[in-house]
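The structure under discussion appears below in the form of structure tokens.
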Amino acid sequence: MKKPIYLNNCLTSKPAPEVIEAMLPYWQEKFYFPENFMSQGTQIESDIEKYKQVVADSINAKPDEIHFTTGGTSANNLAIKGYLMANSHKGNHIICSRVDYPDLLTNAAFFEKSGFEVTYLDADEEGFIDLKQLQQAIKPETIMFMTTWANHTTGTLQPIEQISKILQKADHKIAFHVDAGQAYGKVPINVEEMKIDLLSVSAHKIHGPVGIGAMYVRQGIKLAPTKHGINRIDEYETGGINIGLIAGFAKAVELNFSNFNENNAKLRQLSDYLLKKIEATIPYTLLNGPRGDKRAPHNVNISFRYIEGEAIMMMLDAAGIIVATGSACFSKGLSPNYILMAIGRNHEESHGSMKFTLSRYNTKEEIDYTVEKLAEIVSELRKRSPLYKEEK
Amino acid sequence: MKYSQKVLDHFMHPHNIGKLELPDAKATEGSPACGDQVSMYLKVNEDSKVIEDIKFQSYGCASNIATASIITDMAKGKTLDEAKKLTWKQAADELDGLPPAKMHCSVLAVDTLRKAIKDYEIKHNLASEDEFKKTTIVEELKHIIYPKVGEDIVSLKMVKYVGFENGVATVDIEIPKFDQYRQNVADEIREHLEKYDAIKKVEINM
């Protein structure tokens with residue numbers, strides 16, 4: 001078995017070899033920028049159109065509605081800042097939730113300081129946002145609702161269609177922005193049917209390169225420019241965009257969507273296998289987030305009681321297994337994971353939480369090895385823990 | 001940010017791990033809510049006052065386990081008076097350094113050792129419980145590390161005022177509004193002060 005075993009795919013994922021191959025020509029013989037009438041420039045222009053079509057098809061959008069950005073965070077910033085700046089005359093109230101991705105929450109906090117009112121919806125213990133609260137929060141000044149489709153911590157899939165129906169029922173336009181960073185490539189996305197207005201995706205979560213993403217902007221939705229400059233490739237992401245990365249992104253999309261149902265069924269099977277095996281082998285665990293198909297197919301987040309996550313992570317690392325933890329000891333601000341706290345977990349449960357996010361490159365053999373090592377590590381750390389013996 | 005090889009060695013293979021049956025003294029510091037807790041158990045020679053055996057248990061991260069491992073190594077074979085003088089800086093140095101954000105682990109390990117020694121002294125009438133005073137609060141604040149630089153908040157002059165009246169401890173702290181450790185420092189102050197029976201309420205002004 002090749003080491004390391006990589007189970008932190010929600011942070012970033014290994015670029016597919018086909019992706020690397022697709023990118024190289026643009027850094028060698030095809031280094032040109034798109035330009036009118038000239039042979040090389042028009043060739044690049046038509047390449048980009050082709051790649052746009054690939055991304056558009058993956059979410060049932062039109063190519064003109066796709067804008068390449070320098071990543072998912074850029075796309076989220078463009079969507080939120082661009083929409084709010086262009087539409088502030090219509091109202092100054094936005095709605096999101098306490099369990100959103102930091103891109104959304106930091107933008108919300110920024111606009112709150114700039115005179116907007118923000119309603120932060122609560123989430124239940126599985127991480128689903130409170131739809132009743134959403135209905136009640138809507139008022140004439142509400143101009144935007146934003147949400148994180150697949151939660152980056154618990155894998156919770158928000159009910160996008162139900163949310164969309166609620167927004168449609170309002171008697172004025174409320175823009176619907178979806179951060180699909182973790183959902184893209186894992187669950188079917190149809191922006192047309194789901195009536196999504198703005199949606200952000202990132203290439204490196206689906207075995208594409210880091211540094212490129214896309215923003216879907218529904219035709220007719222007005223955005224203010226947030227990055228002024230020359231329109232080389234995109235009117236919003238002005239200046240140069242690395243065209244090799246666009247090609248790699250499109251290749252990653254092709255690979256991901258060519259066997260979409262089969263790939264994701266396999267991924268879910270492997271995650272379920274991991275979860276069941278942990279639960280069968282290791283006592284005193286707690287699943288964070290929902291079970292079954294209400295959960296992103298690549299995510300298993302589980303708390304191990306009486307022990308701390310950074311220690312588990314370091315020991316797994318020594319065994320050649322890469323995972324993530326919600327422990328305060330590992331976080332930048334030394335605080336427990338805010339998503340887990342928002343869904344009602346206590347400090348200890350958050351400290352002992354481990355996140356395993358799988359990809360199509362993981363194998364059953366790797367999962368078996370991971371659980372075997374994990375069981376040894378948990379048992380060793382519990383032996384060292386004063387909490388374990390006290391409560392036993 | 002990286003752990004030294006010595007931290008990793010002590011974390012993977014800690015010395016003195018476990019519990020002593022019938023210890024002469026014991027202590028527990030920290031809490032699960034703050035992410036780390038250490039318990040220590042001492043066996044002390046009644047005549048020479050030498051720590052003959054010492055064990056610890058830890059609920060905590062790699063540096064928590066490593067610092068408890070090294071401090072128990074350092075204390076073993078020393079008299080209580082010698083062991084009392086061990087500092088968290090010595091423990092951190094002995095581990096070839098700790099990242100600033102992890103210095104509080106070293107403080108916790110040393111505090112647990114000192115508390116266990118105090119437990120022995122009280123049991124053997126060598127010392128009495130400290131009387132609670134306003135200066136106790138200041139002494140306690142010296143045990144709170146500002147994770148950005150790895151020094152305590154008193155030495156760093158972040159503590160601007162300490163008050164104690166009618167069971168209410170007031171602490172004024174200077175810390176930037178957008179500091180990523182703001183919440184952590186507040187939580188630490190609460191945890192350190194709320195363990196005193198004399199303190200009914202902790203008020204922190206930032």
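Letters for chains follow the order of the structure tokens (A, B, ...), residue numbers begin at 1 for each chain, and ligand numbers begin at 1 in the order shown.
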
How would you write, as a list in words, the set of residues in region 282-364 of chain A that DSSP gives as helix (DSSP H, G or I)?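 DSSP on the backbone gives helix (DSSP H, G or I) at Gly292, Asp293, Lys294, Gly309, Glu310, Ala311, Ile312, Met313, Met314, Met315, Leu316, Asp317, Ala318, Ala328, Cys329, Phe330, Tyr338, Ile339, Leu340, Met341, Ala342, His347, Glu348, Glu349, Ser350, His351 and Lys364 of chain A.
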
Give me the residues of chain B that have any atom at most 9 Å from an atom of chain A; for each, the nearest atom pair and the distance in Å, rounded to one decimal. Use only C-alpha atoms, sort by chain and number, and format it as a Markdown table.
| residue | atom | partner | partner_atom | distance |
| --- | --- | --- | --- | --- |
| B:Leu8 | CA | A:Met314 | CA | 8.8 |
| B:Phe11 | CA | A:Ala311 | CA | 8.4 |
| B:Met12 | CA | A:Met315 | CA | 7.4 |
| B:Ile17 | CA | A:Arg384 | CA | 6.6 |
| B:Gly18 | CA | A:Arg384 | CA | 6.4 |
| B:Lys19 | CA | A:Pro386 | CA | 8.9 |
| B:Pro32 | CA | A:Glu348 | CA | 5.6 |
| B:Ala33 | CA | A:His347 | CA | 5.0 |
| B:Cys34 | CA | A:His347 | CA | 7.4 |
| B:Gly35 | CA | A:His351 | CA | 6.4 |
| B:Asp36 | CA | A:Glu308 | CA | 7.9 |
| B:Gln37 | CA | A:Pro386 | CA | 7.8 |
| B:Val38 | CA | A:Pro386 | CA | 7.4 |
| B:Ser39 | CA | A:Pro386 | CA | 6.7 |
| B:Phe56 | CA | A:Arg384 | CA | 8.1 |
| B:Gln57 | CA | A:Arg384 | CA | 5.1 |
| B:Ser58 | CA | A:Ser385 | CA | 4.8 |
| B:Tyr59 | CA | A:Ser385 | CA | 4.7 |
| B:Gly60 | CA | A:Glu308 | CA | 5.3 |
| B:Cys61 | CA | A:Ala311 | CA | 4.7 |
| B:Ala62 | CA | A:Ala311 | CA | 5.0 |
| B:Ser63 | CA | A:Ala311 | CA | 8.6 |
| B:Ile65 | CA | A:Ala311 | CA | 8.7 |
| B:Ala101 | CA | A:Leu334 | CA | 8.0 |
| B:Lys102 | CA | A:Cys329 | CA | 8.1 |
| B:Pro147 | CA | A:Leu334 | CA | 8.4 |
| B:Asp179 | CA | A:Gly333 | CA | 8.6 |
| B:Gln180 | CA | A:Gly333 | CA | 5.0 |
| B:Tyr181 | CA | A:Gly333 | CA | 5.1 |
| B:Arg182 | CA | A:Gly333 | CA | 8.2 |
| B:Gln183 | CA | A:Ser335 | CA | 7.5 |
| B:Asn184 | CA | A:Leu334 | CA | 6.2 |

Print the selection's residues with N, CA, C and O atoms to a file, as a compact mmCIF listing (two decimals), in the first residue's frame.
# COMPACT_ATOMS: atom_id res chain seq x y z
N LEU B 8 8.05 15.11 19.62
CA LEU B 8 7.42 13.95 18.97
C LEU B 8 7.80 12.64 19.69
O LEU B 8 6.94 11.78 19.89
N PHE B 11 5.95 12.44 22.88
CA PHE B 11 4.52 12.24 22.61
C PHE B 11 4.25 10.78 22.22
O PHE B 11 3.34 10.14 22.73
N MET B 12 5.07 10.26 21.31
CA MET B 12 4.83 8.90 20.84
C MET B 12 5.16 7.86 21.92
O MET B 12 4.48 6.86 22.03
N ILE B 17 4.03 7.43 32.20
CA ILE B 17 2.59 7.51 31.93
C ILE B 17 1.85 6.51 32.82
O ILE B 17 2.38 5.44 33.12
N GLY B 18 0.68 6.91 33.28
CA GLY B 18 -0.16 6.00 34.08
C GLY B 18 -0.52 6.61 35.42
O GLY B 18 -0.49 7.82 35.60
N LYS B 19 -0.86 5.72 36.32
CA LYS B 19 -1.40 6.15 37.61
C LYS B 19 -0.61 5.42 38.70
O LYS B 19 -0.12 4.32 38.46
N PRO B 32 -11.53 19.56 30.53
CA PRO B 32 -11.87 19.12 29.17
C PRO B 32 -12.38 20.28 28.31
O PRO B 32 -12.12 20.34 27.12
N ALA B 33 -13.07 21.24 28.96
CA ALA B 33 -13.62 22.36 28.20
C ALA B 33 -12.52 23.16 27.54
O ALA B 33 -12.69 23.70 26.45
N CYS B 34 -11.37 23.26 28.20
CA CYS B 34 -10.28 24.05 27.62
C CYS B 34 -9.39 23.20 26.73
O CYS B 34 -8.40 23.68 26.19
N GLY B 35 -9.69 21.94 26.63
CA GLY B 35 -8.96 21.14 25.67
C GLY B 35 -7.83 20.33 26.26
O GLY B 35 -7.26 19.50 25.57
N ASP B 36 -7.47 20.60 27.49
CA ASP B 36 -6.42 19.76 28.06
C ASP B 36 -6.55 19.63 29.57
O ASP B 36 -6.99 20.53 30.26
N GLN B 37 -6.17 18.47 30.04
CA GLN B 37 -6.21 18.20 31.47
C GLN B 37 -5.09 17.22 31.80
O GLN B 37 -4.87 16.27 31.05
N VAL B 38 -4.38 17.51 32.90
CA VAL B 38 -3.30 16.63 33.31
C VAL B 38 -3.50 16.24 34.77
O VAL B 38 -3.87 17.07 35.60
N SER B 39 -3.30 14.97 35.08
CA SER B 39 -3.31 14.49 36.46
C SER B 39 -1.92 13.96 36.77
O SER B 39 -1.31 13.32 35.92
N PHE B 56 1.85 10.33 35.35
CA PHE B 56 0.84 11.30 34.91
C PHE B 56 -0.13 10.66 33.94
O PHE B 56 0.18 9.63 33.31
N GLN B 57 -1.29 11.28 33.85
CA GLN B 57 -2.25 10.96 32.79
C GLN B 57 -2.61 12.26 32.10
O GLN B 57 -2.60 13.32 32.73
N SER B 58 -2.89 12.18 30.81
CA SER B 58 -3.15 13.42 30.09
C SER B 58 -4.31 13.26 29.12
O SER B 58 -4.40 12.29 28.37
N TYR B 59 -5.21 14.24 29.19
CA TYR B 59 -6.21 14.40 28.13
C TYR B 59 -5.74 15.64 27.39
O TYR B 59 -5.91 16.75 27.88
N GLY B 60 -5.09 15.45 26.28
CA GLY B 60 -4.58 16.64 25.61
C GLY B 60 -3.82 16.31 24.36
O GLY B 60 -3.69 15.14 23.96
N CYS B 61 -3.29 17.36 23.76
CA CYS B 61 -2.63 17.23 22.46
C CYS B 61 -1.21 16.71 22.61
O CYS B 61 -0.75 16.42 23.71
N ALA B 62 -0.50 16.63 21.51
CA ALA B 62 0.85 16.08 21.50
C ALA B 62 1.77 16.84 22.46
O ALA B 62 2.52 16.22 23.23
N SER B 63 1.72 18.18 22.45
CA SER B 63 2.64 18.93 23.30
C SER B 63 2.24 18.81 24.76
O SER B 63 3.09 18.88 25.65
N ILE B 65 1.04 16.07 26.19
CA ILE B 65 1.59 14.79 26.63
C ILE B 65 3.12 14.88 26.76
O ILE B 65 3.71 14.43 27.73
N ALA B 101 2.09 28.98 20.43
CA ALA B 101 0.69 28.65 20.73
C ALA B 101 0.59 27.43 21.64
O ALA B 101 -0.48 27.13 22.16
N LYS B 102 1.70 26.73 21.84
CA LYS B 102 1.66 25.51 22.65
C LYS B 102 2.33 25.68 24.00
O LYS B 102 2.43 24.74 24.77
N PRO B 147 -0.99 33.11 23.17
CA PRO B 147 -0.50 32.10 22.22
C PRO B 147 0.30 32.67 21.05
O PRO B 147 1.06 31.96 20.42
N ASP B 179 -7.90 40.23 17.11
CA ASP B 179 -6.91 39.22 17.46
C ASP B 179 -7.56 37.83 17.46
O ASP B 179 -8.61 37.63 18.06
N GLN B 180 -6.89 36.89 16.77
CA GLN B 180 -7.51 35.56 16.66
C GLN B 180 -7.54 34.82 17.99
O GLN B 180 -8.28 33.86 18.14
N TYR B 181 -6.75 35.28 18.97
CA TYR B 181 -6.72 34.58 20.26
C TYR B 181 -7.56 35.27 21.33
O TYR B 181 -7.50 34.90 22.50
N ARG B 182 -8.33 36.28 20.95
CA ARG B 182 -9.14 37.04 21.90
C ARG B 182 -10.02 36.13 22.76
O ARG B 182 -10.00 36.19 23.97
N GLN B 183 -10.77 35.27 22.08
CA GLN B 183 -11.68 34.37 22.78
C GLN B 183 -10.91 33.39 23.65
O GLN B 183 -11.28 33.12 24.79
N ASN B 184 -9.81 32.90 23.12
CA ASN B 184 -9.00 31.93 23.85
C ASN B 184 -8.47 32.53 25.15
O ASN B 184 -8.52 31.90 26.21

For region 42-51 of chain A: contacts at 8 Å, only C-alpha atoms, fewer than 6 positions along chain excluded, given as a ChimeraX atom specification: /A:30,32-36,63,243,246-247,250

Report as a VMD selection string all protein, DNA and RNA residues lying within 10 Å of Glu188 (chain B), evaluated on only C-alpha atoms, omitting residues in the same chain fewer than 2 positions from it. chain B and resid 30 34 104 141 143 to 146 183 to 186 190 to 194

Could you write out the selected residues, including all heavy atoms, as a compact mmCIF listing (two decimals), in the first residue's frame?
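The resulting file, result-v4.txt, is shown below:
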# COMPACT_ATOMS: atom_id res chain seq x y z
N GLY B 30 -6.34 21.92 34.67
CA GLY B 30 -6.94 22.04 33.35
C GLY B 30 -8.34 21.46 33.35
O GLY B 30 -8.82 20.96 34.37
N CYS B 34 -11.37 23.26 28.20
CA CYS B 34 -10.28 24.05 27.62
C CYS B 34 -9.39 23.20 26.73
O CYS B 34 -8.40 23.68 26.19
CB CYS B 34 -9.47 24.74 28.70
SG CYS B 34 -10.09 26.41 28.97
N HIS B 104 1.32 27.12 26.58
CA HIS B 104 0.44 26.93 27.73
C HIS B 104 0.42 25.47 28.20
O HIS B 104 0.13 25.19 29.36
CB HIS B 104 -0.98 27.43 27.43
CG HIS B 104 -1.77 26.53 26.54
ND1 HIS B 104 -1.72 26.63 25.16
CD2 HIS B 104 -2.61 25.50 26.80
CE1 HIS B 104 -2.50 25.70 24.64
NE2 HIS B 104 -3.04 25.00 25.60
N LEU B 141 -2.88 34.97 36.81
CA LEU B 141 -2.82 35.49 35.44
C LEU B 141 -1.44 35.29 34.80
O LEU B 141 -1.31 35.22 33.59
CB LEU B 141 -3.20 36.98 35.41
CG LEU B 141 -4.66 37.32 35.80
CD1 LEU B 141 -4.87 38.82 35.79
CD2 LEU B 141 -5.66 36.64 34.88
N HIS B 143 0.02 32.71 34.75
CA HIS B 143 0.03 31.35 34.19
C HIS B 143 -0.73 31.28 32.87
O HIS B 143 -0.97 30.21 32.34
CB HIS B 143 -0.56 30.37 35.20
CG HIS B 143 0.26 30.24 36.45
ND1 HIS B 143 0.52 29.05 37.05
CD2 HIS B 143 0.91 31.18 37.19
CE1 HIS B 143 1.28 29.25 38.11
NE2 HIS B 143 1.53 30.55 38.21
N ILE B 144 -1.16 32.43 32.39
CA ILE B 144 -1.91 32.43 31.12
C ILE B 144 -1.00 32.95 30.00
O ILE B 144 -0.46 34.05 30.08
CB ILE B 144 -3.19 33.28 31.24
CG1 ILE B 144 -4.10 32.63 32.30
CG2 ILE B 144 -3.89 33.39 29.90
CD1 ILE B 144 -5.27 33.47 32.68
N ILE B 145 -0.84 32.11 29.03
CA ILE B 145 0.09 32.41 27.94
C ILE B 145 -0.67 33.04 26.76
O ILE B 145 -1.73 32.56 26.37
CB ILE B 145 0.76 31.11 27.44
CG1 ILE B 145 1.51 30.41 28.59
CG2 ILE B 145 1.69 31.38 26.26
CD1 ILE B 145 2.71 31.16 29.11
N TYR B 146 -0.12 34.12 26.25
CA TYR B 146 -0.68 34.70 25.03
C TYR B 146 -0.12 33.88 23.86
O TYR B 146 1.09 33.91 23.58
CB TYR B 146 -0.26 36.18 24.94
CG TYR B 146 -0.74 36.90 23.70
CD1 TYR B 146 -2.07 36.81 23.29
CD2 TYR B 146 0.14 37.67 22.95
CE1 TYR B 146 -2.50 37.48 22.16
CE2 TYR B 146 -0.28 38.34 21.82
CZ TYR B 146 -1.60 38.24 21.43
OH TYR B 146 -2.02 38.90 20.31
N GLN B 183 -10.77 35.27 22.08
CA GLN B 183 -11.68 34.37 22.78
C GLN B 183 -10.91 33.39 23.65
O GLN B 183 -11.28 33.12 24.79
CB GLN B 183 -12.54 33.62 21.75
CG GLN B 183 -13.68 32.80 22.36
CD GLN B 183 -14.63 33.67 23.17
OE1 GLN B 183 -14.97 34.79 22.77
NE2 GLN B 183 -15.04 33.18 24.34
N ASN B 184 -9.81 32.90 23.12
CA ASN B 184 -9.00 31.93 23.85
C ASN B 184 -8.47 32.53 25.15
O ASN B 184 -8.52 31.90 26.21
CB ASN B 184 -7.85 31.46 22.96
CG ASN B 184 -6.89 30.56 23.70
OD1 ASN B 184 -5.87 31.03 24.19
ND2 ASN B 184 -7.21 29.29 23.83
N VAL B 185 -7.98 33.77 25.08
CA VAL B 185 -7.43 34.42 26.28
C VAL B 185 -8.54 34.61 27.32
O VAL B 185 -8.36 34.33 28.50
CB VAL B 185 -6.75 35.77 25.92
CG1 VAL B 185 -6.40 36.56 27.18
CG2 VAL B 185 -5.48 35.53 25.10
N ALA B 186 -9.71 35.03 26.87
CA ALA B 186 -10.84 35.22 27.79
C ALA B 186 -11.23 33.89 28.45
O ALA B 186 -11.45 33.83 29.66
CB ALA B 186 -12.03 35.82 27.05
N ARG B 190 -11.05 32.93 32.53
CA ARG B 190 -12.20 32.37 33.27
C ARG B 190 -11.84 31.04 33.92
O ARG B 190 -12.11 30.81 35.09
CB ARG B 190 -13.38 32.16 32.32
CG ARG B 190 -14.22 33.39 32.20
CD ARG B 190 -15.42 33.19 31.29
NE ARG B 190 -15.69 34.42 30.59
CZ ARG B 190 -16.14 35.53 31.19
NH1 ARG B 190 -16.41 35.51 32.48
NH2 ARG B 190 -16.32 36.64 30.51
N GLU B 191 -11.22 30.17 33.13
CA GLU B 191 -10.90 28.83 33.66
C GLU B 191 -9.96 28.93 34.85
O GLU B 191 -10.14 28.24 35.85
CB GLU B 191 -10.27 27.98 32.55
CG GLU B 191 -10.26 26.49 32.92
CD GLU B 191 -9.10 25.74 32.32
OE1 GLU B 191 -8.59 26.16 31.27
OE2 GLU B 191 -8.70 24.72 32.91
N HIS B 192 -8.96 29.82 34.75
CA HIS B 192 -7.98 29.93 35.82
C HIS B 192 -8.58 30.54 37.09
O HIS B 192 -8.19 30.17 38.20
CB HIS B 192 -6.78 30.77 35.35
CG HIS B 192 -5.77 29.95 34.61
ND1 HIS B 192 -4.63 29.48 35.19
CD2 HIS B 192 -5.76 29.50 33.33
CE1 HIS B 192 -3.93 28.77 34.31
NE2 HIS B 192 -4.60 28.77 33.16
N LEU B 193 -9.52 31.48 36.93
CA LEU B 193 -10.04 32.17 38.12
C LEU B 193 -11.25 31.48 38.73
O LEU B 193 -11.44 31.51 39.95
CB LEU B 193 -10.37 33.63 37.77
CG LEU B 193 -9.17 34.49 37.33
CD1 LEU B 193 -9.60 35.94 37.10
CD2 LEU B 193 -8.02 34.44 38.35
N GLU B 194 -12.04 30.82 37.89
CA GLU B 194 -13.28 30.24 38.41
C GLU B 194 -13.03 29.06 39.35
O GLU B 194 -13.93 28.65 40.06
CB GLU B 194 -14.22 29.83 37.25
CG GLU B 194 -15.01 31.04 36.73
CD GLU B 194 -15.73 30.78 35.41
OE1 GLU B 194 -15.59 29.66 34.89
OE2 GLU B 194 -16.41 31.71 34.93

Enter the distance from CA of Asp152 (chain B) to CA of Lys133 (chain B), in Å, rounded to one decimal.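 One can read the CA of Asp152 (chain B) to CA of Lys133 (chain B) distance as 20.2 Å.
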
Skip Asn299 (chain A) itself and residues of its chain fewer than 6 positions away, then list as a PyMOL selection string all residues within 7 Å of it, counting only C-alpha atoms. chain A and resi 155+271+356-358

Top pick for closest residue to Val217 (chain A), considering A:Ile367, A:Leu199, A:Leu104, A:Val19 and counting only C-alpha atoms: A:Leu199

Which residue is closest to Thr370 (chain A)? Choose from A:Ile278, A:Val210, A:Asp124, A:Leu287 and count only C-alpha atoms.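 Among the listed residues, A:Ile278 lies closest to Thr370 (chain A).
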
Of the candidates B:Lys6, B:Lys115, B:His13, B:Lys195, which one gets nearest to Ile137 (chain B) if we count only C-alpha atoms?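 Smallest distance to Ile137 (chain B) is found for B:Lys195.
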
Can you pull out every residue within 10 Å of region 120-132 of chain B, counting only C-alpha atoms, but drop anything in the same chain fewer than 3 positions away, and send it as a VMD selection string? chain B and resid 23 to 27 42 to 44 46 49 80 114 to 117 135 to 137 196 to 199

Any chance you could export the current selection's C-alpha atoms as a PDB file, in the first residue's frame?
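Saved to selection00.pdb:
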ATOM      1  CA  PRO B  23       0.023   7.888  45.795  1.00  0.00           C
ATOM      2  CA  ASP B  24       1.323  10.143  48.554  1.00  0.00           C
ATOM      3  CA  ALA B  25      -0.033  13.118  46.681  1.00  0.00           C
ATOM      4  CA  LYS B  26      -1.954  13.897  43.514  1.00  0.00           C
ATOM      5  CA  ALA B  27      -3.315  16.822  41.532  1.00  0.00           C
ATOM      6  CA  LEU B  42       3.614  11.360  43.476  1.00  0.00           C
ATOM      7  CA  LYS B  43       5.429   8.878  45.657  1.00  0.00           C
ATOM      8  CA  VAL B  44       7.626  10.811  48.105  1.00  0.00           C
ATOM      9  CA  GLU B  46       9.035  10.782  53.909  1.00  0.00           C
ATOM     10  CA  LYS B  49      11.439  14.360  50.674  1.00  0.00           C
ATOM     11  CA  LEU B  80      10.120  18.595  46.716  1.00  0.00           C
ATOM     12  CA  ARG B 114       3.424  22.225  41.795  1.00  0.00           C
ATOM     13  CA  LYS B 115      -0.152  21.509  42.819  1.00  0.00           C
ATOM     14  CA  ALA B 116       0.724  17.864  43.536  1.00  0.00           C
ATOM     15  CA  ILE B 117       3.681  19.005  45.669  1.00  0.00           C
ATOM     16  CA  THR B 135      -2.523  39.254  44.423  1.00  0.00           C
ATOM     17  CA  THR B 136      -3.600  35.597  43.990  1.00  0.00           C
ATOM     18  CA  ILE B 137      -5.441  36.735  40.882  1.00  0.00           C
ATOM     19  CA  TYR B 196     -11.201  29.616  43.350  1.00  0.00           C
ATOM     20  CA  ASP B 197     -14.101  29.312  45.775  1.00  0.00           C
ATOM     21  CA  ALA B 198     -13.630  32.947  46.769  1.00  0.00           C
ATOM     22  CA  ILE B 199     -14.404  34.086  43.228  1.00  0.00           C
TER      23      ILE B 199
END

If you count only C-alpha atoms, which residues fall within 8 Å of Asn8 (chain A), apart from same-chain ones fewer than 3 positions away, as a compact mmCIF listing (two decimals) with N, CA and C atoms, in the first residue's frame?
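Resulting contents of out.txt:
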# COMPACT_ATOMS: atom_id res chain seq x y z
N LEU A 11 -10.15 19.42 2.11
CA LEU A 11 -9.24 20.56 2.17
C LEU A 11 -8.70 20.83 0.76
N THR A 12 -8.09 19.82 0.19
CA THR A 12 -7.69 19.89 -1.21
C THR A 12 -7.49 18.45 -1.67
N SER A 13 -7.53 18.23 -3.00
CA SER A 13 -7.41 16.86 -3.48
C SER A 13 -6.29 16.75 -4.51
N ILE A 322 -3.31 10.78 6.55
CA ILE A 322 -3.55 12.22 6.68
C ILE A 322 -5.05 12.48 6.83
N VAL A 323 -5.42 13.08 7.97
CA VAL A 323 -6.83 13.41 8.24
C VAL A 323 -6.89 14.82 8.83
N ALA A 324 -8.10 15.25 9.23
CA ALA A 324 -8.27 16.56 9.85
C ALA A 324 -8.96 16.40 11.20
N LYS A 355 -12.10 14.28 11.11
CA LYS A 355 -12.81 14.35 9.82
C LYS A 355 -12.03 13.56 8.78
N PHE A 356 -12.71 12.60 8.18
CA PHE A 356 -12.13 11.80 7.11
C PHE A 356 -12.89 12.17 5.84
N THR A 357 -12.20 12.71 4.85
CA THR A 357 -12.90 12.99 3.59
C THR A 357 -12.20 12.24 2.47
N LEU A 358 -13.00 11.43 1.78
CA LEU A 358 -12.47 10.46 0.83
C LEU A 358 -12.51 10.99 -0.60

All strand (DSSP E or B) positions in region 149-248 of chain A, as JSON, numbers by chain: {"A": [150, 156, 157, 175, 176, 177, 178, 179, 198, 199, 200, 201, 202, 213, 214, 215, 216, 217]}
